[in-house]
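Here's entry.cif, which has mmCIF, C-alpha atoms and all ligand atoms:
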```cif
data_upload
#
loop_
_atom_site.label_atom_id
_atom_site.label_comp_id
_atom_site.auth_asym_id
_atom_site.auth_seq_id
_atom_site.Cartn_x
_atom_site.Cartn_y
_atom_site.Cartn_z
CA MET I 1 0.00 0.00 0.00
CA ARG I 2 1.06 3.55 -0.65
CA LEU I 3 -0.45 7.01 -0.93
CA ILE I 4 -0.89 8.76 -4.27
CA CYS I 5 -1.81 12.37 -5.07
CA VAL I 6 -5.14 12.66 -6.93
CA ASP I 7 -3.89 15.83 -8.62
CA CYS I 8 -0.30 15.18 -9.77
CA GLY I 9 0.13 11.42 -9.25
CA HIS I 10 3.16 11.82 -6.96
CA THR I 11 3.43 8.75 -4.72
CA HIS I 12 4.23 8.67 -1.00
CA PRO I 13 5.10 5.87 1.44
CA PRO I 14 2.31 4.66 3.77
CA ALA I 15 2.57 7.15 6.63
CA LEU I 16 0.46 9.66 8.54
CA SER I 17 0.58 12.11 5.62
CA TYR I 18 -2.18 14.58 4.88
CA ALA I 19 -1.21 16.34 1.65
CA CYS I 20 0.98 15.77 -1.40
CA GLU I 21 4.58 16.83 -0.80
CA ALA I 22 4.89 17.95 -4.41
CA CYS I 23 1.72 19.99 -4.93
CA GLY I 24 -0.30 20.03 -1.68
CA GLY I 25 -2.99 17.91 -3.31
CA ILE I 26 -5.35 15.33 -1.82
CA LEU I 27 -3.82 11.92 -1.10
CA GLU I 28 -5.61 8.63 -1.60
CA VAL I 29 -4.74 5.07 -0.65
CA GLN I 30 -3.49 2.84 -3.43
CA GLY I 31 -3.64 -0.89 -2.70
CA GLU I 32 -5.42 -2.94 -0.06
CA SER I 33 -4.38 -5.09 2.89
CA GLY I 34 -5.60 -8.40 1.44
CA LEU I 35 -6.44 -9.60 4.97
CA GLU I 36 -8.51 -12.75 5.32
CA PRO I 37 -12.14 -12.12 6.33
CA PRO I 38 -12.34 -11.94 10.14
CA ARG I 39 -13.64 -14.90 12.14
CA GLU I 40 -15.37 -12.89 14.88
CA VAL I 41 -19.13 -12.73 14.39
CA ALA I 42 -19.22 -9.07 15.50
CA LEU I 43 -16.69 -8.06 12.85
CA LEU I 44 -18.50 -10.02 10.15
CA ALA I 45 -21.59 -7.92 10.93
CA SER I 46 -19.64 -4.73 10.21
CA MET I 47 -17.73 -3.19 7.32
CA TRP I 48 -14.75 -5.30 8.46
CA ARG I 49 -16.25 -8.34 6.76
CA HIS I 50 -14.39 -6.73 3.84
CA ALA I 51 -11.19 -6.35 5.90
CA GLY I 52 -9.10 -7.36 2.91
CA ARG I 53 -10.38 -4.33 1.00
CA LEU I 54 -9.32 -1.91 3.75
CA CYS I 55 -5.96 -0.58 4.90
CA ILE I 56 -5.17 -2.32 8.21
CA ASN I 57 -2.35 -4.90 7.92
CA ASP I 58 -2.54 -6.43 11.40
CA PRO I 59 -6.03 -7.57 12.53
CA ALA I 60 -5.00 -6.69 16.10
CA ASN I 61 -5.21 -3.02 15.10
CA ILE I 62 -8.86 -3.17 14.01
CA VAL I 63 -10.93 -0.90 16.28
CA SER I 64 -14.59 -1.71 15.73
CA LEU I 65 -17.89 -0.86 17.36
CA GLY I 66 -19.96 -2.48 14.59
CA GLU I 67 -19.82 0.23 11.91
CA GLY I 68 -21.16 -0.04 8.37
CA LEU I 69 -23.46 -2.67 6.85
CA THR I 70 -26.32 -0.31 7.67
CA PRO I 71 -29.90 -1.01 6.58
CA MET I 72 -31.24 -0.01 3.17
CA ARG I 73 -34.99 0.32 3.04
CA ARG I 74 -37.46 1.31 0.37
CA ALA I 75 -39.65 4.26 1.39
CA PRO I 76 -43.14 3.61 -0.05
CA ARG I 77 -44.97 6.29 1.94
CA ILE I 78 -42.47 8.93 0.85
CA GLU I 79 -42.78 7.72 -2.76
CA ALA I 80 -46.58 8.05 -2.54
CA ALA I 81 -46.26 11.61 -1.24
CA LEU I 82 -44.12 12.78 -4.20
CA PRO I 83 -46.43 14.25 -6.87
CA GLY I 84 -46.26 12.39 -10.19
CA PHE I 85 -43.43 10.14 -9.02
CA HIS I 86 -43.45 6.51 -10.15
CA GLY I 87 -39.89 5.49 -9.41
CA GLU I 88 -38.24 4.16 -6.24
CA VAL I 89 -36.89 5.93 -3.16
CA TRP I 90 -34.44 4.03 -0.97
CA LEU I 91 -33.07 5.18 2.38
CA LYS I 92 -29.50 4.18 3.23
CA ASP I 93 -29.83 4.46 6.99
CA GLU I 94 -26.44 5.59 8.25
CA THR I 95 -28.01 6.79 11.51
CA ARG I 96 -27.60 3.15 12.55
CA ASN I 97 -23.85 3.43 12.91
CA PRO I 98 -22.51 3.08 16.49
CA SER I 99 -22.22 6.80 17.25
CA GLY I 100 -25.19 7.70 15.04
CA SER I 101 -23.52 8.89 11.84
CA PHE I 102 -21.64 7.62 8.78
CA LYS I 103 -18.45 9.11 10.25
CA ASP I 104 -17.91 5.86 12.16
CA ARG I 105 -16.82 4.24 8.90
CA LEU I 106 -13.98 6.73 8.44
CA VAL I 107 -12.96 6.84 12.05
CA SER I 108 -12.84 3.07 12.53
CA ALA I 109 -10.41 2.73 9.62
CA GLY I 110 -8.50 5.92 10.43
CA ILE I 111 -7.89 5.15 14.10
CA GLY I 112 -6.80 1.59 13.33
CA LYS I 113 -4.27 2.90 10.83
CA ALA I 114 -3.13 5.54 13.35
CA LEU I 115 -2.43 2.71 15.83
CA GLU I 116 -0.60 0.75 13.17
CA LEU I 117 1.57 3.76 12.29
CA GLY I 118 2.44 4.40 15.94
CA ALA I 119 0.36 7.49 16.77
CA ARG I 120 0.13 8.34 20.48
CA GLY I 121 -3.33 9.84 20.24
CA VAL I 122 -5.90 11.25 17.86
CA ILE I 123 -7.26 14.69 17.13
CA CYS I 124 -10.28 15.69 15.08
CA ALA I 125 -11.81 18.96 13.94
CA SER I 126 -15.50 18.42 13.51
CA SER I 127 -18.90 20.01 13.18
CA GLY I 128 -19.92 17.43 15.79
CA ASN I 129 -20.47 13.99 14.27
CA ALA I 130 -16.88 13.11 13.39
CA GLY I 131 -15.87 14.40 16.83
CA ALA I 132 -18.38 12.14 18.56
CA SER I 133 -17.20 9.25 16.46
CA THR I 134 -13.51 9.89 17.13
CA ALA I 135 -14.19 10.21 20.85
CA ALA I 136 -16.07 6.90 20.87
CA TYR I 137 -13.44 4.95 18.96
CA ALA I 138 -10.60 6.50 20.97
CA ALA I 139 -12.35 5.28 24.12
CA ARG I 140 -12.63 1.81 22.61
CA ALA I 141 -8.94 1.86 21.64
CA GLY I 142 -7.75 3.38 24.92
CA MET I 143 -6.15 6.32 23.10
CA PRO I 144 -6.22 9.97 24.15
CA ALA I 145 -8.46 12.13 21.95
CA ILE I 146 -8.73 15.88 21.41
CA ILE I 147 -11.86 17.11 19.61
CA VAL I 148 -12.09 20.65 18.21
CA VAL I 149 -15.55 21.99 17.31
CA PRO I 150 -17.25 25.33 16.60
CA ALA I 151 -18.68 26.75 19.83
CA HIS I 152 -22.19 26.84 18.26
CA THR I 153 -22.25 23.05 17.65
CA PRO I 154 -25.65 21.53 18.61
CA ALA I 155 -25.81 20.64 22.31
CA GLY I 156 -26.63 16.98 21.64
CA LYS I 157 -23.36 16.54 19.78
CA LEU I 158 -21.31 18.31 22.47
CA THR I 159 -22.88 16.15 25.18
CA GLN I 160 -22.08 13.02 23.21
CA ILE I 161 -18.43 13.96 22.66
CA ALA I 162 -17.98 14.84 26.33
CA ALA I 163 -19.65 11.61 27.42
CA TYR I 164 -16.97 9.51 25.70
CA GLY I 165 -14.33 11.31 27.77
CA ALA I 166 -12.47 13.20 25.04
CA ILE I 167 -10.86 16.59 25.60
CA LEU I 168 -13.34 18.94 23.92
CA LEU I 169 -12.19 22.34 22.62
CA LEU I 170 -14.83 24.91 21.62
CA VAL I 171 -13.72 27.49 19.05
CA GLU I 172 -15.72 30.61 18.20
CA GLY I 173 -16.59 31.07 14.54
CA HIS I 174 -17.14 28.78 11.58
CA TYR I 175 -15.81 25.26 11.11
CA SER I 176 -12.69 26.18 9.13
CA ARG I 177 -11.23 27.84 12.25
CA SER I 178 -11.52 24.57 14.16
CA TYR I 179 -9.96 22.81 11.18
CA ASP I 180 -6.89 25.07 11.28
CA LEU I 181 -6.41 24.63 15.03
CA ALA I 182 -6.56 20.84 14.70
CA LEU I 183 -3.88 20.91 12.00
CA GLY I 184 -1.54 22.83 14.29
CA LEU I 185 -2.32 20.79 17.40
CA ALA I 186 -1.83 17.47 15.60
CA ARG I 187 1.63 18.55 14.46
CA GLN I 188 2.57 19.82 17.91
CA ALA I 189 1.29 16.82 19.87
CA GLY I 190 2.35 14.18 17.35
CA PHE I 191 -1.23 12.90 17.24
CA ALA I 192 -2.92 11.44 14.17
CA ASN I 193 -5.37 13.86 12.56
CA LEU I 194 -8.74 12.17 11.95
CA THR I 195 -10.49 15.28 10.65
CA THR I 196 -12.94 13.85 8.11
CA THR I 197 -12.52 16.19 5.19
CA PHE I 198 -10.18 14.74 2.56
CA LEU I 199 -7.31 15.21 5.03
CA ASN I 200 -6.81 11.63 6.22
CA PRO I 201 -6.55 9.26 3.24
CA TRP I 202 -6.70 6.14 5.44
CA ALA I 203 -10.05 7.21 6.84
CA VAL I 204 -11.56 8.34 3.52
CA ASP I 205 -10.53 5.05 1.90
CA ALA I 206 -13.10 3.12 3.99
CA LEU I 207 -15.99 5.04 2.43
CA LYS I 208 -15.63 3.11 -0.85
CA LEU I 209 -17.42 0.25 0.91
CA THR I 210 -20.52 2.46 1.13
CA GLY I 211 -20.94 2.37 -2.66
CA LEU I 212 -20.39 -1.39 -2.67
CA GLU I 213 -22.95 -1.90 0.10
CA ILE I 214 -25.61 0.08 -1.75
CA PHE I 215 -24.99 -1.99 -4.89
CA GLU I 216 -25.21 -5.28 -3.00
CA GLN I 217 -28.27 -4.24 -1.01
CA LEU I 218 -30.14 -3.26 -4.17
CA GLY I 219 -29.58 -6.79 -5.49
CA ARG I 220 -26.49 -5.88 -7.51
CA VAL I 221 -28.42 -3.39 -9.59
CA ALA I 222 -27.40 0.26 -9.76
CA PRO I 223 -29.63 3.09 -8.62
CA SER I 224 -30.08 5.94 -11.10
CA HIS I 225 -29.15 8.58 -8.51
CA VAL I 226 -27.44 8.70 -5.11
CA LEU I 227 -28.16 11.87 -3.12
CA ILE I 228 -25.40 12.72 -0.67
CA PRO I 229 -25.20 15.44 2.02
CA THR I 230 -21.99 17.25 1.14
CA GLY I 231 -19.60 19.38 3.18
CA SER I 232 -16.16 18.91 1.63
CA GLY I 233 -17.30 15.68 0.01
CA PRO I 234 -15.39 12.51 1.01
CA LEU I 235 -18.66 10.57 1.00
CA VAL I 236 -19.18 11.57 -2.64
CA LYS I 237 -15.76 10.12 -3.40
CA GLY I 238 -16.47 6.96 -1.43
CA VAL I 239 -19.75 6.27 -3.18
CA ALA I 240 -18.20 7.06 -6.59
CA GLN I 241 -15.23 4.78 -5.95
CA GLY I 242 -17.40 1.91 -4.69
CA PHE I 243 -19.61 2.04 -7.77
CA THR I 244 -16.66 2.30 -10.15
CA GLU I 245 -15.55 -1.12 -8.94
CA THR I 246 -18.98 -2.59 -9.73
CA GLY I 247 -19.13 -1.09 -13.21
CA ALA I 248 -22.35 0.73 -12.28
CA THR I 249 -22.66 4.45 -13.04
CA PRO I 250 -25.28 6.19 -10.90
CA LYS I 251 -25.51 9.95 -11.09
CA LEU I 252 -24.19 11.50 -7.87
CA VAL I 253 -26.08 14.42 -6.39
CA ALA I 254 -24.12 16.59 -3.95
CA VAL I 255 -26.60 18.21 -1.57
CA GLN I 256 -25.75 21.39 0.33
CA ALA I 257 -27.71 23.90 2.39
CA GLU I 258 -28.61 27.24 0.77
CA GLY I 259 -26.83 28.98 3.62
CA CYS I 260 -23.52 27.21 2.88
CA ALA I 261 -23.27 25.99 -0.70
CA PRO I 262 -19.79 26.58 -2.14
CA ILE I 263 -19.86 23.48 -4.35
CA VAL I 264 -23.36 24.21 -5.67
CA ARG I 265 -22.34 27.80 -6.48
CA ALA I 266 -19.40 26.60 -8.58
CA PHE I 267 -21.55 23.92 -10.24
CA GLU I 268 -24.19 26.43 -11.26
CA ALA I 269 -21.56 28.87 -12.53
CA GLY I 270 -19.95 26.15 -14.64
CA ALA I 271 -16.68 26.75 -12.77
CA GLU I 272 -14.01 24.12 -12.17
CA ALA I 273 -12.63 25.64 -8.99
CA VAL I 274 -14.72 25.92 -5.83
CA THR I 275 -14.24 29.08 -3.78
CA ALA I 276 -14.80 29.35 -0.04
CA TRP I 277 -18.14 30.47 1.46
CA ASP I 278 -17.98 33.57 3.64
CA THR I 279 -20.63 33.24 6.31
CA PRO I 280 -22.32 29.85 6.67
CA ARG I 281 -25.85 30.03 8.03
CA THR I 282 -28.01 26.90 8.16
CA ILE I 283 -29.60 24.47 10.61
CA ALA I 284 -27.69 21.66 8.82
CA SER I 285 -24.60 21.74 11.04
CA GLY I 286 -23.12 18.59 9.47
CA ILE I 287 -22.66 20.24 6.07
CA SER I 288 -22.00 23.77 7.27
CA ASP I 289 -18.43 23.78 5.97
CA PRO I 290 -17.15 26.94 4.24
CA LEU I 291 -13.99 25.16 2.96
CA ILE I 292 -11.78 28.11 3.84
CA GLY I 293 -8.18 27.08 3.20
CA TYR I 294 -9.05 23.70 1.65
CA GLU I 295 -11.14 24.82 -1.30
CA ARG I 296 -9.47 22.13 -3.40
CA ASP I 297 -11.47 19.51 -1.48
CA GLY I 298 -14.61 21.10 -2.93
CA SER I 299 -13.13 21.31 -6.43
CA TYR I 300 -12.25 17.61 -6.31
CA THR I 301 -15.76 16.70 -5.16
CA LEU I 302 -17.26 18.83 -7.93
CA LYS I 303 -15.13 17.02 -10.49
CA LEU I 304 -16.41 13.65 -9.25
CA VAL I 305 -20.02 14.85 -9.37
CA ARG I 306 -19.63 16.07 -12.97
CA ARG I 307 -17.80 12.91 -14.01
CA SER I 308 -20.81 10.89 -12.82
CA GLY I 309 -23.18 13.01 -14.91
CA GLY I 310 -24.75 14.17 -11.66
CA LEU I 311 -25.41 17.56 -10.17
CA ALA I 312 -25.11 19.75 -7.11
CA VAL I 313 -28.19 21.28 -5.51
CA SER I 314 -28.93 23.34 -2.43
CA VAL I 315 -31.96 23.25 -0.15
CA SER I 316 -33.46 25.82 2.22
CA ASP I 317 -33.77 25.37 5.97
CA ALA I 318 -37.57 25.29 5.53
CA ALA I 319 -37.24 22.44 3.03
CA LEU I 320 -34.90 20.65 5.46
CA ARG I 321 -37.52 20.89 8.22
CA ASP I 322 -40.19 19.47 5.90
CA ALA I 323 -37.90 16.60 4.97
CA MET I 324 -37.05 15.88 8.63
CA ARG I 325 -40.75 15.80 9.49
CA ASP I 326 -41.63 13.51 6.58
CA LEU I 327 -38.80 11.08 7.23
CA ALA I 328 -39.97 10.80 10.83
CA ARG I 329 -43.74 10.73 10.21
CA LEU I 330 -43.90 8.75 6.97
CA GLU I 331 -41.03 6.31 7.43
CA GLY I 332 -40.11 6.29 11.15
CA VAL I 333 -36.62 7.65 10.53
CA TYR I 334 -35.36 10.27 12.97
CA ALA I 335 -32.68 12.25 11.13
CA GLU I 336 -30.80 15.43 11.93
CA PRO I 337 -31.18 18.28 9.38
CA THR I 338 -28.11 17.20 7.39
CA GLY I 339 -29.35 13.61 7.24
CA ALA I 340 -32.70 14.77 5.83
CA SER I 341 -31.13 16.97 3.14
CA PRO I 342 -31.20 14.30 0.39
CA LEU I 343 -34.98 14.01 0.64
CA ALA I 344 -35.33 17.80 0.45
CA ALA I 345 -33.10 17.78 -2.63
CA LEU I 346 -35.02 14.92 -4.23
CA ARG I 347 -38.22 16.88 -3.88
CA ARG I 348 -36.72 19.99 -5.37
CA LEU I 349 -35.16 18.17 -8.33
CA LEU I 350 -38.40 16.32 -9.15
CA ALA I 351 -40.44 19.52 -8.91
CA GLU I 352 -38.04 21.31 -11.24
CA GLY I 353 -37.93 18.42 -13.72
CA ARG I 354 -34.21 17.91 -13.14
CA MET I 355 -34.70 14.30 -12.09
CA PRO I 356 -36.96 11.91 -14.03
CA PRO I 357 -40.19 10.76 -12.31
CA ASP I 358 -39.10 7.13 -12.72
CA ALA I 359 -35.76 7.64 -10.93
CA ARG I 360 -34.38 4.93 -8.66
CA ALA I 361 -32.97 7.21 -5.99
CA VAL I 362 -30.92 6.41 -2.90
CA CYS I 363 -30.95 8.99 -0.10
CA MET I 364 -27.96 8.84 2.25
CA ILE I 365 -29.41 9.51 5.72
CA THR I 366 -26.10 10.41 7.30
CA GLY I 367 -26.87 11.44 10.90
CA HIS I 368 -29.29 10.68 13.75
CA GLY I 369 -31.97 13.05 15.05
CA PHE I 370 -30.87 12.38 18.66
CA LYS I 371 -27.85 14.56 17.92
CA ASP I 372 -29.87 17.70 17.26
CA GLY I 373 -33.24 17.39 18.99
CA ALA I 374 -33.52 21.18 19.15
CA ALA I 375 -34.01 21.23 15.37
CA PHE I 376 -37.29 19.41 15.91
CA ALA I 377 -38.39 21.43 18.91
CA ASP I 378 -40.22 24.16 16.98
CA MET I 379 -42.05 21.69 14.76
CA PRO I 380 -45.81 21.37 15.31
CA ALA I 381 -46.23 18.36 17.57
CA ARG I 382 -49.25 16.48 18.88
CA THR I 383 -48.32 16.81 22.53
CA HIS I 384 -50.98 17.47 25.18
CA ARG I 385 -50.73 17.91 28.90
CA VAL I 386 -53.10 15.60 30.80
CA ALA I 387 -54.77 17.38 33.72
CA ASP I 388 -56.43 14.36 35.30
CA PRO I 389 -55.11 10.92 34.27
CA ALA I 390 -57.95 9.28 36.26
CA ASP I 391 -60.52 10.72 33.83
CA VAL I 392 -59.91 8.20 31.02
CA ALA I 393 -63.05 9.22 29.12
CA ALA I 394 -61.89 12.84 28.92
CA VAL I 395 -58.43 11.80 27.72
CA ALA I 396 -60.00 9.53 25.09
CA ARG I 397 -62.09 12.47 23.84
CA LEU I 398 -58.95 14.60 23.66
CA CYS I 399 -57.22 11.91 21.56
CA ASP I 400 -60.26 11.55 19.26
CA HIS I 401 -60.29 15.29 18.76
CA ALA I 402 -56.57 15.39 18.01
CA MET I 403 -56.85 12.52 15.49
CA ALA I 404 -59.76 14.20 13.72
CA GLU I 405 -57.82 17.45 13.50
CA GLN I 406 -54.88 15.77 11.79
CA GLY I 407 -57.22 13.90 9.43
ZN ZN L 501 0.42 16.25 -5.92
#
```
Can you dump the structure from the file as structure tokens?
Amino acid sequence: MRLICVDCGHTHPPALSYACEACGGILEVQGESGLEPPREVALLASMWRHAGRLCINDPANIVSLGEGLTPMRRAPRIEAALPGFHGEVWLKDETRNPSGSFKDRLVSAGIGKALELGARGVICASSGNAGASTAAYAARAGMPAIIVVPAHTPAGKLTQIAAYGAILLLVEGHYSRSYDLALGLARQAGFANLTTTFLNPWAVDALKLTGLEIFEQLGRVAPSHVLIPTGSGPLVKGVAQGFTETGATPKLVAVQAEGCAPIVRAFEAGAEAVTAWDTPRTIASGISDPLIGYERDGSYTLKLVRRSGGLAVSVSDAALRDAMRDLARLEGVYAEPTGASPLAALRRLLAEGRMPPDARAVCMITGHGFKDGAAFADMPARTHRVADPADVAAVARLCDHAMAEQG
């Protein structure tokens, strides 16, 4: 195994390297460990059933909490609620990962490789989910962890990171400021940097299994579209890479929030280079990434989206709330705003005729609603205070009334 620059092709030895020495470009893993499939039942029920496809050489370095191999379910009630739609909607339920987001896939691979390469600890700049994941896996591995997040990160995510016992640093301002601090701290402390932009090639490499999983779970038939919440975009790369290996060619849809959409802006302008976003403002904390200082991550993602024949689209906070509500109330899926963004995008693209009504679409539901309960708090709910629980008849009338109101 070695690392290779996606921009200039310069190769590097397998080390804790985060950028091309020749051009500063994004590094990716070339080669695979070739490990035998694990014998442990718990590992076989995780992405590590494909251990040979990943980057860990010594099975003793695998740090697993049961990540990957998440459910894929068709969403018939959502399909029925889409006007004129006669295709298929599938939900790839990444909320079911151990810490509640798809980041567990990256972190499990990245922390194992950090162990293998002799790191003393791990550090991660995060908008919350990757931080929670890193803290969880560091606890499992018995490694010290430092997590750097924007001070305005949703409380549920902060609580989760703190619960796992990591050192949690709150930084005022947008995500890119946390990103910069983590770069400096990792160098100073000699810790591995697990920040889940394109920074850590060993972590990003694991996401290729996501594309493979989708293909297998659809019965080895390709979807027409995969809709992916997109900050800097490693998940876009992972899905693209996984499908390339199968020979399938779904169109990839990078979904961003209107209040932070640097990749969508470049896509719509027909530009090759993505420029940073000044002032992110959206309830979708997971994709609120202005890319300041690592704009080339966005440009790379945009290139992959175009190569797939796909597109980039943004959605409003109001559309995100509608999508969150419908996922919960029509399909029983509790997703944070970022995780609901693919459904919001699907709706917009169908309404604008930019996606055919017979599409076979996969929505990547990337993060759990438990992480950001406040985002649901202002939604109309059917909650009633019971004055006298002994008066069953009165409570039954109240319920009848409430059911009639909702129709
Ligand atoms: Zn290079």
Between chain I and ligand ZN 501 (chain L), at 7 Å or less, what are the per-residue closest atom pairs and their distances in Å? Count only C-alpha atoms and all ligand atoms, order by chain and rising residue number, and return it as JSON lines.
```
{"residue": "I:Cys5", "atom": "CA", "partner": "L:ZN501", "partner_atom": "ZN", "distance": 4.6}
{"residue": "I:Val6", "atom": "CA", "partner": "L:ZN501", "partner_atom": "ZN", "distance": 6.7}
{"residue": "I:Asp7", "atom": "CA", "partner": "L:ZN501", "partner_atom": "ZN", "distance": 5.1}
{"residue": "I:Cys8", "atom": "CA", "partner": "L:ZN501", "partner_atom": "ZN", "distance": 4.1}
{"residue": "I:Gly9", "atom": "CA", "partner": "L:ZN501", "partner_atom": "ZN", "distance": 5.9}
{"residue": "I:His10", "atom": "CA", "partner": "L:ZN501", "partner_atom": "ZN", "distance": 5.3}
{"residue": "I:Cys20", "atom": "CA", "partner": "L:ZN501", "partner_atom": "ZN", "distance": 4.6}
{"residue": "I:Glu21", "atom": "CA", "partner": "L:ZN501", "partner_atom": "ZN", "distance": 6.6}
{"residue": "I:Ala22", "atom": "CA", "partner": "L:ZN501", "partner_atom": "ZN", "distance": 5.0}
{"residue": "I:Cys23", "atom": "CA", "partner": "L:ZN501", "partner_atom": "ZN", "distance": 4.1}
{"residue": "I:Gly24", "atom": "CA", "partner": "L:ZN501", "partner_atom": "ZN", "distance": 5.7}
{"residue": "I:Gly25", "atom": "CA", "partner": "L:ZN501", "partner_atom": "ZN", "distance": 4.6}
```
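Residues lying at most 7 Å from (-26.2, 9.2, 15.0) in file coordinates, with only C-alpha atoms considered, are Thr95, Arg96, Asn97, Ser99, Gly100, Ser101, Gly367, His368, Gly369, Phe370 and Lys371 of chain I.
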With 6 Å on each side, where is the centre of the axis-aligned box around all listed atoms of range 74-90 of chain I, and how long are its edges in Å to one decimal, as AutoDock Vina command-line options?
```
--center_x -40.5 --center_y 7.8 --center_z -4.1 --size_x 24.1 --size_y 24.9 --size_z 24.1
```
For this session: Tell me which of I:Pro357, I:Pro280, I:Gly190, I:Gly298 sits closest to Ser232 in chain I, counting all atoms listed in the file.
Result: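 Closest to Ser232 in chain I, using all atoms listed in the file: I:Gly298.
Nearest to Thr282 in chain I of all the residues I:Ala375, I:Ala402, I:Val148, I:Leu209 is I:Ala375, based on all atoms listed in the file.
With distances restricted to only C-alpha atoms, I:Ala130 is the closest residue to Ile161 in chain I from I:Ala42, I:Ala130, I:Val204, I:Leu27.
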For range 263-276 of chain I, list every protein, DNA or RNA residue within 8 Å, evaluated using only C-alpha atoms, and leave out those in the same chain fewer than 6 positions away; present the list as a PDB file with C-alpha atoms, keeping the file's coordinate frame.
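New file out.pdb:
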```pdb
ATOM      1  CA  ALA I 254     -24.120  16.590  -3.950  1.00  0.00           C
ATOM      2  CA  VAL I 255     -26.600  18.210  -1.570  1.00  0.00           C
ATOM      3  CA  GLN I 256     -25.750  21.390   0.330  1.00  0.00           C
ATOM      4  CA  PRO I 290     -17.150  26.940   4.240  1.00  0.00           C
ATOM      5  CA  LEU I 291     -13.990  25.160   2.960  1.00  0.00           C
ATOM      6  CA  ILE I 292     -11.780  28.110   3.840  1.00  0.00           C
ATOM      7  CA  GLY I 293      -8.180  27.080   3.200  1.00  0.00           C
ATOM      8  CA  GLU I 295     -11.140  24.820  -1.300  1.00  0.00           C
ATOM      9  CA  ARG I 296      -9.470  22.130  -3.400  1.00  0.00           C
ATOM     10  CA  GLY I 298     -14.610  21.100  -2.930  1.00  0.00           C
ATOM     11  CA  SER I 299     -13.130  21.310  -6.430  1.00  0.00           C
ATOM     12  CA  THR I 301     -15.760  16.700  -5.160  1.00  0.00           C
ATOM     13  CA  LEU I 302     -17.260  18.830  -7.930  1.00  0.00           C
ATOM     14  CA  LYS I 303     -15.130  17.020 -10.490  1.00  0.00           C
ATOM     15  CA  LEU I 311     -25.410  17.560 -10.170  1.00  0.00           C
ATOM     16  CA  ALA I 312     -25.110  19.750  -7.110  1.00  0.00           C
ATOM     17  CA  VAL I 313     -28.190  21.280  -5.510  1.00  0.00           C
ATOM     18  CA  SER I 314     -28.930  23.340  -2.430  1.00  0.00           C
TER      19      SER I 314
END
```
